[in-house]
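Asker: The following file, target_37.cif, comprises mmCIF, C-alpha atoms and all ligand atoms:
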data_input
#
loop_
_atom_site.label_atom_id
_atom_site.label_comp_id
_atom_site.auth_asym_id
_atom_site.auth_seq_id
_atom_site.Cartn_x
_atom_site.Cartn_y
_atom_site.Cartn_z
CA MET A 312 40.91 24.31 44.98
CA ASN A 313 40.79 24.44 48.78
CA SER A 314 42.38 21.69 50.82
CA THR A 315 39.04 20.00 51.74
CA THR A 316 37.88 19.56 48.12
CA THR A 317 38.29 16.06 46.70
CA PRO A 318 40.29 16.16 43.47
CA THR A 319 38.05 15.20 40.53
CA THR A 320 40.72 14.61 37.91
CA SER A 321 40.49 10.82 38.17
CA LEU A 322 36.72 10.74 37.63
CA THR A 323 35.60 9.43 34.26
CA LEU A 324 32.38 8.90 32.36
CA SER A 325 31.04 5.55 31.26
CA HIS A 326 32.73 3.84 28.34
CA ARG A 327 29.30 3.76 26.70
CA VAL A 328 29.02 7.54 26.67
CA ASN A 329 32.67 8.18 25.91
CA SER A 330 32.44 5.95 22.88
CA ILE A 331 29.72 7.94 21.09
CA GLY A 332 30.23 11.27 19.36
CA PRO A 333 28.04 14.38 19.53
CA SER A 334 25.32 14.95 16.94
CA ALA A 335 27.09 16.69 14.03
CA THR A 336 23.82 18.14 12.76
CA LEU A 337 22.91 19.76 16.07
CA ARG A 338 26.47 20.88 16.93
CA ILE A 339 27.16 22.59 13.60
CA THR A 340 23.78 24.28 13.65
CA ALA A 341 24.42 25.62 17.15
CA LYS A 342 27.84 26.94 16.06
CA ALA A 343 26.42 28.60 12.93
CA ASN A 344 23.53 30.16 14.89
CA ALA A 345 25.98 31.56 17.46
CA LEU A 346 28.14 33.08 14.69
CA GLN A 347 25.07 34.61 13.07
CA LYS A 348 23.90 36.02 16.39
CA ALA A 349 27.32 37.56 16.91
CA GLY A 350 26.75 39.53 13.70
CA LYS A 351 28.61 37.33 11.17
CA ASP A 352 27.07 37.01 7.72
CA ILE A 353 26.28 33.27 7.68
CA LEU A 354 23.89 31.40 5.42
CA ILE A 355 22.74 28.34 7.37
CA PHE A 356 21.95 25.08 5.54
CA ALA A 357 22.74 22.86 8.52
CA ALA A 358 20.10 21.05 10.64
CA GLY A 359 17.03 19.90 8.79
CA GLU A 360 13.96 21.65 10.03
CA PRO A 361 11.05 23.07 8.11
CA ASP A 362 11.15 26.86 7.82
CA THR A 363 7.37 27.32 8.08
CA PRO A 364 5.67 27.87 11.45
CA THR A 365 3.60 25.15 13.11
CA PRO A 366 0.06 25.36 11.62
CA GLU A 367 -2.27 27.60 13.61
CA VAL A 368 -4.80 24.81 14.23
CA VAL A 369 -2.08 22.81 16.00
CA VAL A 370 -0.92 25.76 18.09
CA GLU A 371 -4.54 26.48 19.01
CA ALA A 372 -5.09 22.87 20.14
CA ALA A 373 -2.11 23.17 22.51
CA VAL A 374 -3.27 26.53 23.86
CA GLN A 375 -6.75 25.13 24.46
CA ALA A 376 -5.26 22.09 26.18
CA LEU A 377 -3.23 24.35 28.47
CA ARG A 378 -6.35 26.38 29.28
CA ASN A 379 -8.22 23.14 29.97
CA GLY A 380 -5.63 22.20 32.55
CA GLU A 381 -3.82 19.50 30.55
CA THR A 382 -0.72 20.12 32.61
CA ARG A 383 -0.47 16.98 34.73
CA TYR A 384 1.19 13.59 34.36
CA LYS A 385 -0.33 11.28 31.76
CA PRO A 386 0.18 7.60 30.94
CA ALA A 387 3.79 7.08 29.83
CA LEU A 388 2.78 5.62 26.47
CA GLY A 389 0.54 8.62 25.74
CA ASP A 390 -3.13 9.56 25.87
CA VAL A 391 -5.61 7.07 24.45
CA ALA A 392 -6.90 9.74 22.03
CA VAL A 393 -3.54 10.36 20.39
CA ARG A 394 -2.59 6.68 20.32
CA GLU A 395 -5.88 5.95 18.59
CA ALA A 396 -5.36 8.82 16.15
CA ILE A 397 -1.92 7.44 15.27
CA ALA A 398 -3.28 3.88 14.81
CA HIS A 399 -6.04 5.30 12.57
CA LYS A 400 -3.58 7.36 10.51
CA LEU A 401 -1.27 4.39 9.98
CA THR A 402 -4.17 2.11 9.06
CA THR A 403 -5.86 4.46 6.61
CA GLN A 404 -2.90 6.33 5.10
CA ASN A 405 -0.04 3.86 5.39
CA ARG A 406 -2.17 0.68 5.02
CA ILE A 407 -0.67 -1.02 8.03
CA GLN A 408 -3.14 -3.62 9.26
CA GLY A 409 -4.01 -4.82 12.75
CA LEU A 410 -3.03 -1.72 14.74
CA THR A 411 -4.86 -0.61 17.87
CA LYS A 412 -3.72 1.91 20.46
CA ASP A 413 -1.94 -1.00 22.20
CA HIS A 414 0.47 -1.14 19.28
CA VAL A 415 1.41 2.54 19.51
CA ALA A 416 3.84 4.46 21.74
CA VAL A 417 4.01 8.27 21.82
CA THR A 418 7.56 9.54 22.24
CA PHE A 419 9.68 12.70 22.41
CA GLY A 420 10.24 12.83 18.66
CA ALA A 421 11.07 10.02 16.26
CA LYS A 422 14.52 10.11 17.81
CA GLN A 423 13.25 8.83 21.15
CA ALA A 424 10.98 6.31 19.40
CA LEU A 425 14.12 4.81 17.86
CA TYR A 426 16.00 5.06 21.13
CA ASN A 427 13.30 3.32 23.19
CA ALA A 428 12.76 0.65 20.54
CA CYS A 429 16.50 -0.12 20.46
CA GLN A 430 16.58 -0.32 24.26
CA CYS A 431 13.96 -3.07 23.89
CA LEU A 432 15.71 -4.87 21.02
CA PHE A 433 19.36 -5.04 22.10
CA ASP A 434 21.14 -6.45 25.12
CA VAL A 435 24.60 -5.69 26.35
CA ALA A 436 26.23 -8.93 25.20
CA ALA A 437 27.71 -11.19 27.88
CA THR A 438 31.53 -11.35 27.86
CA GLY A 439 32.71 -13.67 25.14
CA THR A 440 29.41 -13.45 23.26
CA ALA A 441 28.98 -11.59 19.99
CA PRO A 442 26.54 -8.68 20.24
CA ALA A 443 23.33 -8.55 18.24
CA GLU A 444 23.66 -6.52 15.04
CA ALA A 445 21.83 -3.65 13.37
CA ILE A 446 22.22 -3.25 9.63
CA ILE A 447 22.25 0.43 8.72
CA PRO A 448 22.33 1.47 5.06
CA VAL A 449 24.81 4.35 4.81
CA PRO A 450 25.08 7.25 4.20
CA SER A 451 22.48 7.55 6.95
CA TRP A 452 21.17 10.00 9.51
CA VAL A 453 23.75 10.69 12.21
CA SER A 454 21.86 9.33 15.23
CA TYR A 455 21.18 5.73 14.18
CA ARG A 456 24.65 4.47 15.12
CA PRO A 457 24.81 6.03 18.62
CA ILE A 458 21.25 4.91 19.38
CA VAL A 459 22.15 1.29 18.53
CA GLU A 460 25.48 1.46 20.35
CA LEU A 461 24.00 3.00 23.51
CA ALA A 462 21.64 0.02 23.59
CA GLY A 463 24.52 -2.48 23.34
CA GLY A 464 24.06 -3.40 19.68
CA LYS A 465 26.73 -3.59 17.00
CA VAL A 466 26.35 -1.55 13.82
CA VAL A 467 26.95 -3.25 10.49
CA THR A 468 26.91 -0.75 7.64
CA LEU A 469 25.46 -1.45 4.22
CA GLU A 470 27.05 0.90 1.70
CA THR A 471 24.56 2.42 -0.70
CA LEU A 472 26.00 4.01 -3.83
CA PRO A 473 25.09 6.98 -6.01
CA GLU A 474 24.99 4.70 -9.07
CA HIS A 475 22.17 2.75 -7.35
CA GLY A 476 20.40 5.98 -6.41
CA PHE A 477 21.70 5.53 -2.82
CA LYS A 478 19.16 2.72 -2.29
CA PRO A 479 19.84 -0.64 -0.68
CA ARG A 480 19.15 -3.61 -2.96
CA PRO A 481 17.76 -6.98 -1.83
CA GLU A 482 21.06 -8.73 -2.58
CA ASP A 483 22.91 -6.28 -0.31
CA PHE A 484 20.97 -7.64 2.66
CA ARG A 485 21.68 -11.23 1.64
CA LYS A 486 25.39 -10.55 2.17
CA LEU A 487 24.98 -9.07 5.64
CA VAL A 488 22.09 -10.75 7.42
CA ASN A 489 23.07 -13.57 9.78
CA GLU A 490 21.75 -15.25 12.94
CA ARG A 491 22.82 -12.24 15.06
CA THR A 492 20.90 -9.70 12.96
CA ARG A 493 18.38 -8.00 15.23
CA ALA A 494 17.40 -4.88 13.31
CA VAL A 495 17.47 -3.55 9.77
CA PHE A 496 17.07 0.20 9.39
CA LEU A 497 15.19 1.64 6.43
CA ASN A 498 14.74 5.35 5.85
CA SER A 499 12.75 6.44 2.82
CA PRO A 500 12.65 9.31 1.89
CA ASN A 501 16.22 9.42 3.01
CA ASN A 502 18.29 11.82 5.06
CA PRO A 503 20.90 12.78 3.78
CA THR A 504 20.71 11.42 0.22
CA GLY A 505 17.14 12.33 -0.81
CA ALA A 506 16.64 8.76 -2.11
CA VAL A 507 13.14 7.28 -2.18
CA ILE A 508 12.53 3.52 -2.31
CA SER A 509 9.63 2.89 -4.73
CA PRO A 510 6.79 0.51 -3.76
CA ASP A 511 8.16 -2.18 -6.11
CA GLU A 512 11.68 -1.83 -4.72
CA MET A 513 10.30 -1.94 -1.18
CA ARG A 514 8.39 -5.14 -1.95
CA ALA A 515 11.54 -6.73 -3.33
CA ILE A 516 13.49 -5.76 -0.20
CA ALA A 517 10.63 -7.03 1.99
CA GLU A 518 10.53 -10.42 0.25
CA GLU A 519 14.26 -10.83 0.72
CA LEU A 520 14.11 -9.83 4.39
CA ALA A 521 11.14 -12.14 5.00
CA HIS A 522 13.08 -14.98 3.42
CA LEU A 523 16.22 -14.22 5.46
CA ALA A 524 14.20 -13.95 8.68
CA SER A 525 12.64 -17.36 8.14
CA SER A 526 15.89 -19.01 7.06
CA VAL A 527 18.73 -17.45 9.09
CA ALA A 528 17.67 -14.49 11.23
CA PRO A 529 14.61 -15.32 13.34
CA ASN A 530 15.07 -12.21 15.54
CA LEU A 531 15.20 -9.76 12.66
CA VAL A 532 12.93 -6.70 12.85
CA ILE A 533 12.74 -3.73 10.52
CA LEU A 534 12.96 -0.22 11.91
CA SER A 535 11.32 1.90 9.24
CA ASP A 536 11.96 5.60 9.81
CA GLU A 537 9.28 7.42 7.80
CA ILE A 538 9.74 10.92 9.18
CA TYR A 539 9.95 12.40 5.63
CA GLU A 540 6.99 10.42 4.20
CA ASN A 541 5.15 13.57 3.13
CA ILE A 542 8.12 15.28 1.52
CA ILE A 543 8.31 13.33 -1.70
CA PHE A 544 8.65 14.59 -5.27
CA ASP A 545 8.29 13.70 -8.94
CA GLY A 546 4.97 11.90 -8.32
CA MET A 547 6.75 9.17 -6.35
CA GLN A 548 4.71 7.15 -3.84
CA HIS A 549 5.75 6.54 -0.27
CA CYS A 550 5.62 2.86 0.72
CA SER A 551 5.53 1.73 4.36
CA PRO A 552 7.17 -1.69 4.73
CA GLY A 553 4.68 -2.30 7.56
CA SER A 554 1.98 -2.53 4.87
CA ILE A 555 3.69 -5.53 3.22
CA GLU A 556 2.20 -8.71 4.60
CA SER A 557 5.31 -10.88 4.66
CA ILE A 558 7.14 -8.51 7.04
CA ALA A 559 4.27 -6.58 8.64
CA ASP A 560 4.53 -8.29 12.02
CA ARG A 561 8.24 -7.63 12.27
CA THR A 562 8.18 -3.99 11.14
CA ILE A 563 8.34 -1.14 13.63
CA THR A 564 7.13 2.05 11.99
CA ILE A 565 8.83 5.16 13.33
CA ASN A 566 7.43 8.57 12.59
CA GLY A 567 6.60 11.94 14.08
CA LEU A 568 5.31 15.40 13.39
CA SER A 569 8.60 17.34 13.36
CA LYS A 570 8.76 17.53 9.59
CA SER A 571 5.22 17.09 8.28
CA ALA A 572 3.68 19.52 10.80
CA SER A 573 6.70 21.82 11.32
CA MET A 574 6.87 20.73 14.96
CA THR A 575 10.58 20.10 15.51
CA GLY A 576 10.72 21.80 18.90
CA TRP A 577 7.54 20.22 20.23
CA ARG A 578 9.16 16.77 20.36
CA ALA A 579 6.23 14.78 19.00
CA GLY A 580 6.97 11.30 17.67
CA TYR A 581 5.71 7.77 17.75
CA ALA A 582 6.41 4.10 17.10
CA ALA A 583 3.95 1.41 16.04
CA CYS A 584 4.13 -2.32 15.47
CA PRO A 585 1.19 -4.76 15.05
CA GLY A 586 0.65 -8.26 16.41
CA SER A 587 1.58 -9.86 19.70
CA PHE A 588 5.25 -8.92 19.31
CA GLY A 589 4.17 -5.35 18.63
CA ALA A 590 2.05 -5.20 21.79
CA GLU A 591 4.91 -6.63 23.85
CA LEU A 592 7.41 -4.19 22.31
CA ILE A 593 5.14 -1.23 23.07
CA GLN A 594 4.80 -2.37 26.68
CA GLY A 595 8.60 -2.58 26.85
CA MET A 596 8.94 0.89 25.36
CA GLY A 597 6.40 2.09 27.94
CA LYS A 598 8.64 0.82 30.74
CA VAL A 599 11.68 2.60 29.27
CA GLN A 600 9.58 5.77 28.93
CA GLU A 601 8.19 5.48 32.47
CA GLN A 602 11.61 4.98 34.00
CA SER A 603 13.36 7.70 32.04
CA ALA A 604 11.21 10.59 30.86
CA SER A 605 7.52 9.81 31.66
CA ASN A 606 4.85 10.96 29.23
CA VAL A 607 5.37 13.31 26.30
CA THR A 608 4.34 16.83 27.41
CA SER A 609 0.62 16.65 28.26
CA PHE A 610 -0.59 19.63 26.21
CA VAL A 611 1.45 18.51 23.18
CA MET A 612 -0.65 15.37 22.79
CA PRO A 613 -3.92 17.16 21.84
CA ALA A 614 -1.82 19.23 19.42
CA MET A 615 -0.53 15.98 17.89
CA CYS A 616 -4.16 14.88 17.38
CA ALA A 617 -4.84 18.12 15.48
CA ALA A 618 -1.67 17.68 13.42
CA LEU A 619 -2.63 14.09 12.55
CA THR A 620 -6.10 15.03 11.33
CA GLN A 621 -6.37 18.66 10.29
CA ILE A 622 -3.37 19.81 8.28
CA ASP A 623 -3.77 18.23 4.83
CA ASP A 624 -3.49 21.63 3.14
CA HIS A 625 -0.33 22.51 5.04
CA ILE A 626 1.22 19.22 3.94
CA LYS A 627 0.28 19.75 0.28
CA ARG A 628 1.67 23.28 0.25
CA MET A 629 4.83 22.14 1.98
CA ARG A 630 5.42 19.35 -0.53
CA THR A 631 4.99 21.69 -3.51
CA SER A 632 7.27 24.25 -2.01
CA PHE A 633 10.01 21.74 -1.15
CA GLU A 634 9.77 20.24 -4.64
CA GLU A 635 10.38 23.70 -6.15
CA ARG A 636 13.33 24.22 -3.82
CA SER A 637 14.77 20.77 -4.59
CA ARG A 638 14.92 21.80 -8.28
CA ILE A 639 16.70 25.05 -7.45
CA MET A 640 19.29 23.11 -5.47
CA TYR A 641 19.71 20.29 -7.95
CA GLU A 642 20.08 22.58 -10.96
CA GLY A 643 22.13 25.21 -9.13
CA LEU A 644 24.62 22.77 -7.63
CA ASN A 645 25.08 20.87 -10.88
CA THR A 646 26.16 24.06 -12.69
CA ILE A 647 29.19 24.38 -10.39
CA ALA A 648 32.41 22.89 -11.77
CA GLY A 649 33.59 20.00 -9.57
CA VAL A 650 30.18 19.52 -7.89
CA THR A 651 27.75 16.72 -8.80
CA CYS A 652 24.33 16.31 -7.27
CA THR A 653 22.14 13.21 -7.76
CA PRO A 654 18.40 13.76 -8.25
CA ILE A 655 16.60 14.65 -5.02
CA ARG A 656 13.47 12.49 -4.78
CA GLY A 657 12.37 13.41 -1.26
CA ALA A 658 13.21 14.98 2.12
CA PHE A 659 14.86 18.42 2.05
CA TYR A 660 18.54 17.73 1.65
CA ALA A 661 20.94 18.10 -1.26
CA PHE A 662 23.96 15.85 -0.93
CA PRO A 663 26.40 16.90 -3.65
CA ASP A 664 29.60 15.01 -4.37
CA VAL A 665 32.50 17.46 -3.95
CA SER A 666 35.29 14.89 -4.26
CA ALA A 667 36.68 16.64 -7.36
CA LEU A 668 37.44 19.63 -5.10
CA LEU A 669 39.02 17.66 -2.25
CA GLY A 670 42.78 18.08 -2.17
CA LYS A 671 42.50 21.69 -3.41
CA THR A 672 43.53 24.72 -1.33
CA THR A 673 41.46 27.76 -0.29
CA PRO A 674 42.71 31.35 -0.71
CA LYS A 675 43.49 31.34 3.04
CA GLY A 676 45.70 28.30 2.56
CA THR A 677 43.46 25.54 3.94
CA LYS A 678 44.02 22.23 2.18
CA LEU A 679 40.60 20.60 1.73
CA ALA A 680 41.69 17.10 2.69
CA ASN A 681 38.22 15.74 3.51
CA SER A 682 34.58 16.73 3.86
CA THR A 683 35.02 17.86 7.46
CA ILE A 684 37.77 20.34 6.56
CA PHE A 685 35.74 21.32 3.51
CA ALA A 686 32.66 22.14 5.62
CA GLU A 687 34.77 24.02 8.19
CA ALA A 688 36.44 26.11 5.49
CA LEU A 689 33.08 26.78 3.88
CA LEU A 690 31.83 28.17 7.18
CA ASP A 691 34.97 30.11 8.11
CA GLU A 692 35.88 31.46 4.70
CA ALA A 693 32.56 31.76 2.87
CA GLY A 694 29.98 32.01 5.65
CA ILE A 695 28.04 28.92 4.54
CA ALA A 696 27.03 26.33 7.14
CA VAL A 697 26.56 22.77 5.84
CA ILE A 698 27.11 19.34 7.39
CA GLN A 699 30.21 17.39 6.40
CA GLY A 700 29.23 14.19 4.57
CA ALA A 701 31.60 12.13 6.74
CA ALA A 702 29.05 12.46 9.57
CA PHE A 703 26.71 10.24 7.55
CA GLU A 704 29.32 7.50 6.94
CA GLY A 705 29.73 5.31 3.86
CA CYS A 706 30.80 7.31 0.82
CA GLY A 707 29.64 10.42 2.72
CA ASP A 708 33.17 11.82 3.04
CA LYS A 709 33.01 12.74 -0.66
CA HIS A 710 29.93 14.85 0.00
CA ILE A 711 28.53 17.78 1.95
CA ARG A 712 24.88 18.14 2.97
CA PHE A 713 22.75 21.24 2.43
CA SER A 714 19.38 21.41 4.16
CA PHE A 715 17.26 23.41 1.73
CA ALA A 716 14.42 24.18 4.14
CA LYS A 717 15.18 27.84 3.56
CA HIS A 718 13.70 30.75 1.61
CA VAL A 719 14.41 30.51 -2.14
CA ASP A 720 16.37 33.76 -2.00
CA THR A 721 18.66 32.24 0.65
CA LEU A 722 19.08 29.15 -1.53
CA ARG A 723 20.04 31.28 -4.55
CA SER A 724 22.46 33.40 -2.52
CA GLY A 725 23.92 30.23 -1.03
CA ILE A 726 24.52 28.66 -4.43
CA THR A 727 26.12 31.85 -5.76
CA ARG A 728 28.34 32.13 -2.70
CA PHE A 729 29.22 28.42 -2.84
CA GLU A 730 30.14 28.72 -6.52
CA ARG A 731 32.39 31.68 -5.75
CA PHE A 732 34.10 29.66 -3.02
CA CYS A 733 34.63 26.71 -5.38
CA THR A 734 36.10 28.86 -8.14
CA THR A 735 38.68 30.39 -5.76
CA LEU A 736 40.18 26.97 -4.95
CA SER A 737 43.52 26.10 -6.45
N1 LIG A 801 14.96 10.37 11.50
C1 LIG A 801 15.55 11.13 10.58
C2 LIG A 801 15.98 10.51 9.31
C3 LIG A 801 15.78 12.50 10.82
O1 LIG A 801 16.35 13.24 9.90
C4 LIG A 801 15.41 13.03 12.06
C5 LIG A 801 15.75 14.46 12.37
N2 LIG A 801 14.68 15.22 12.54
C6 LIG A 801 14.76 12.20 12.98
C7 LIG A 801 14.57 10.88 12.68
C8 LIG A 801 14.34 12.68 14.34
O2 LIG A 801 13.27 13.56 14.26
P1 LIG A 801 12.51 14.03 15.55
O3 LIG A 801 13.14 13.43 16.73
O4 LIG A 801 12.57 15.52 15.53
O5 LIG A 801 11.09 13.53 15.37
N1 LIG A 802 17.31 15.36 11.63
C1 LIG A 802 17.69 16.69 11.36
C2 LIG A 802 19.02 16.70 10.62
O1 LIG A 802 19.49 15.70 10.17
C3 LIG A 802 17.66 17.55 12.59
C4 LIG A 802 18.80 17.46 13.56
C5 LIG A 802 18.94 16.09 14.18
O2 LIG A 802 18.09 15.74 15.00
O3 LIG A 802 19.84 15.39 13.76
O4 LIG A 802 19.58 17.75 10.45
#
So that I can check it, write out the structure of this file as structure tokens.
Answerer:
Amino acid sequence: MNSTTTPTTSLTLSHRVNSIGPSATLRITAKANALQKAGKDILIFAAGEPDTPTPEVVVEAAVQALRNGETRYKPALGDVAVREAIAHKLTTQNRIQGLTKDHVAVTFGAKQALYNACQCLFDVAATGTAPAEAIIPVPSWVSYRPIVELAGGKVVTLETLPEHGFKPRPEDFRKLVNERTRAVFLNSPNNPTGAVISPDEMRAIAEELAHLASSVAPNLVILSDEIYENIIFDGMQHCSPGSIESIADRTITINGLSKSASMTGWRAGYAACPGSFGAELIQGMGKVQEQSASNVTSFVMPAMCAALTQIDDHIKRMRTSFEERSRIMYEGLNTIAGVTCTPIRGAFYAFPDVSALLGKTTPKGTKLANSTIFAEALLDEAGIAVIQGAAFEGCGDKHIRFSFAKHVDTLRSGITRFERFCTTLS
């Protein structure tokens, strides 16, 4: 340092940023990719992203849009055409009534849809005042908590259990909802557990939430993350809570094309909510978008239109192929002593319970005290990248998560290698 430079050691970041952690899913994937690139033999089951390319018709729509000069700023909430296509999709496929383009925001992935919605729902509480609360059923996707906390909300976890199929029950909400409840997160099909809430179960949850909203929690809204809606097995039906009349006007549907159209890197998501509250929320989200990122990439929006209307075959093939892979994972993992996997009803994650192996020691002498050490040892000693269940909270620390959006041969090699690792523990 020369004598004219101001020392920077006393500079700090905001408490808000210092208090959140990094995304475990993205960090571990980056580490595993780097090891693989450096020549290490690593089988990667980390971040969840489809292994198939984006359908050609979608790519072509983006290329055409680029050629047509769709390279300039657009309205922050998105093009009219794509907002209308989303409203139409949600009306016809998800049976959500009363949606027009004014009830739809286009965002950089479902992640930003959740982020912008939470910026509109939560305030930083005044000193001495209790913050508004978000009820998050856990184990849950890693980004819900930081998104709520960055907006000033307080997370209240609802523990879902394997014996209940990792699904929240109506009575669970009764215990947690109060006058400060602002948001209830629902995620079916679920990351990381693979749970799917059936239409009957969803109606029962909706009736309870409608009752609680009218009796104790007037500000309650439901954030329904439906990013895995098309990846659903065993003939189960996806149910959008926004289609249930008693809660329709307080349900914000979050979705995107990352999973159903293999578009993770395009950053194509959306939020929708009907009624006058919905229109106001979307305007609010538009302000957040305008003042932070501006519109989603201009030539991505025509591609989103193609993905929303022209890829039925891709979706069918993808569902069949993930269903086959879910069976390989479920059966393969359950043959390993000390590993128990609950049925995988949707999404592309296996979330086996490895608690019977915690406390054991690896051949290199690592004591597997928790799921984080377990996942680290699995990477370092067996070349298998998974996400530690602790990242998903709740009973997650007894589990590890495999993303099975991989070739079946990789899945089989992974299971064989994982079994070998488990049998060497003492
Ligand atoms: N919700 C869940 C449950 C997820 O697993 C993910 C990860 N893709 C997202 C939302 C965010 O998806 P994206 O931002 O890529 O649309
Ligand atoms: N949602 C995926 C996962 O859980 C992708 C990474 C992320 O955005 O968290 O692995």
Asker: Which residues come within 9 Å of range 526-542 of chain A, counting only C-alpha atoms, excluding same-chain residues fewer than 6 positions away, as JSON, numbers by chain?
Answerer: {"A": [421, 425, 428, 432, 488, 489, 490, 491, 492, 493, 494, 495, 496, 497, 498, 499, 500, 501, 502, 520, 548, 549, 550, 551, 552, 553, 558, 560, 561, 562, 563, 564, 565, 566, 567, 568, 569, 570, 571, 580, 626, 627, 629, 630, 631, 633, 634, 656, 657, 658, 659]}
Asker: Set the distance at 10 Å and use only C-alpha atoms: which residues neighbour Glu692 in chain A once local chain neighbours fewer than 6 positions away are removed? I'd like the list as a list of chain:residue names.
Answerer: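 Result of the neighbour search: A:Thr673, A:Pro674, A:Lys675, A:Thr677, A:Ala686, A:Phe732.
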Asker: Within 12 Å of Ser325 in chain A, counting all atoms listed in the file, which residues qualify if same-chain residues fewer than 5 places away don't, as a ChimeraX atom specification?
Answerer: /A:330-331,461
Asker: Would you list the residues that come within 6 Å of ligand LIG 802 (chain A)? Count only C-alpha atoms and all ligand atoms and give the answer as a list in words.
Answerer: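 Listing the residues within 6 Å of ligand LIG 802 (chain A) gives Thr336, Leu337, Ala358, Gly359 and Trp452 of chain A.
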Asker: So how many Å separate CA of Ile593 in chain A and CA of Val393 in chain A, to one decimal?
Answerer: 14.7 Å
Asker: Got a sec: who's within 7 Å of Ala701 in chain A, counting all atoms listed in the file, leaving out chain neighbours fewer than 6 positions off, as a PyMOL selection string?
Answerer: chain A and resi 682-683+707-708
Asker: Closest to ligand LIG 801 (chain A) among A:Val453, A:Ile698, A:Met513, A:Ile711, using only C-alpha atoms and all ligand atoms?
Answerer: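 Among A:Val453, A:Ile698, A:Met513, A:Ile711, it is A:Val453 that comes nearest to ligand LIG 801 (chain A).
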Asker: Just checking: using all atoms listed in the file, which residue out of A:Gly725, A:Pro442, A:Gly595, A:Gly505 ends up closest to ligand LIG 801 (chain A)?
Answerer: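 Going through A:Gly725, A:Pro442, A:Gly595, A:Gly505 one by one, the smallest distance to ligand LIG 801 (chain A) is for A:Gly505.
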Asker: Find, counting all atoms listed in the file, the residue in A:Thr411, A:Asn344, A:Thr403, A:Ser714 that gets nearest to ligand LIG 801 (chain A).
Answerer: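 Comparing A:Thr411, A:Asn344, A:Thr403, A:Ser714 against ligand LIG 801 (chain A), the winner is A:Ser714.
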Asker: Nearest residue to ligand LIG 801 (chain A) out of A:Pro503, A:Gly380, A:Gly476, A:Pro481, using all atoms listed in the file?
Answerer: A:Pro503
Asker: From the set A:Cys429, A:Ala617, A:Ala693, A:Ala387, which residue has the shortest atom-to-atom contact distance to Cys733 in chain A, counting all atoms listed in the file?
Answerer: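 Ranked by minimum distance to Cys733 in chain A, first place goes to A:Ala693.
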Asker: For a quick check of understanding, using all atoms listed in the file, which of A:Glu371, A:Glu381, A:Glu512, A:Glu635 has the smallest distance to Ile543 in chain A?
Answerer: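 With all atoms listed in the file as the atom set, the closest residue is A:Glu635.
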Asker: Rounded to one decimal in Å, what is the spacing between CA of His522 in chain A and CA of Pro479 in chain A?
Answerer: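 About the pair CA of His522 in chain A and CA of Pro479 in chain A: they are 16.4 Å apart.
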Asker: Can you patch up range 544-554 of chain A, filling it in to N, CA and C atoms, and show the result as a tab-separated table (two decimals), keeping the file's coordinate frame?
Answerer:
chain	number	residue	atom	x	y	z
A	544	PHE	N	8.80	13.81	-4.04
A	544	PHE	CA	8.65	14.59	-5.27
A	544	PHE	C	8.45	13.70	-6.49
A	545	ASP	N	8.34	14.36	-7.63
A	545	ASP	CA	8.29	13.70	-8.94
A	545	ASP	C	7.18	12.65	-9.01
A	546	GLY	N	6.09	12.85	-8.28
A	546	GLY	CA	4.97	11.90	-8.32
A	546	GLY	C	5.30	10.56	-7.68
A	547	MET	N	6.40	10.47	-6.96
A	547	MET	CA	6.75	9.17	-6.35
A	547	MET	C	5.81	8.87	-5.18
A	548	GLN	N	5.61	7.59	-4.92
A	548	GLN	CA	4.71	7.15	-3.84
A	548	GLN	C	5.53	6.68	-2.66
A	549	HIS	N	5.10	7.08	-1.47
A	549	HIS	CA	5.75	6.54	-0.27
A	549	HIS	C	5.20	5.14	-0.01
A	550	CYS	N	6.07	4.22	0.39
A	550	CYS	CA	5.62	2.86	0.72
A	550	CYS	C	6.11	2.50	2.12
A	551	SER	N	5.17	2.17	3.00
A	551	SER	CA	5.53	1.73	4.36
A	551	SER	C	5.78	0.23	4.33
A	552	PRO	N	6.96	-0.23	4.72
A	552	PRO	CA	7.17	-1.69	4.73
A	552	PRO	C	6.18	-2.40	5.65
A	553	GLY	N	5.67	-1.69	6.66
A	553	GLY	CA	4.68	-2.30	7.56
A	553	GLY	C	3.39	-2.68	6.85
A	554	SER	N	3.20	-2.17	5.61
A	554	SER	CA	1.98	-2.53	4.87
A	554	SER	C	2.19	-3.79	4.04
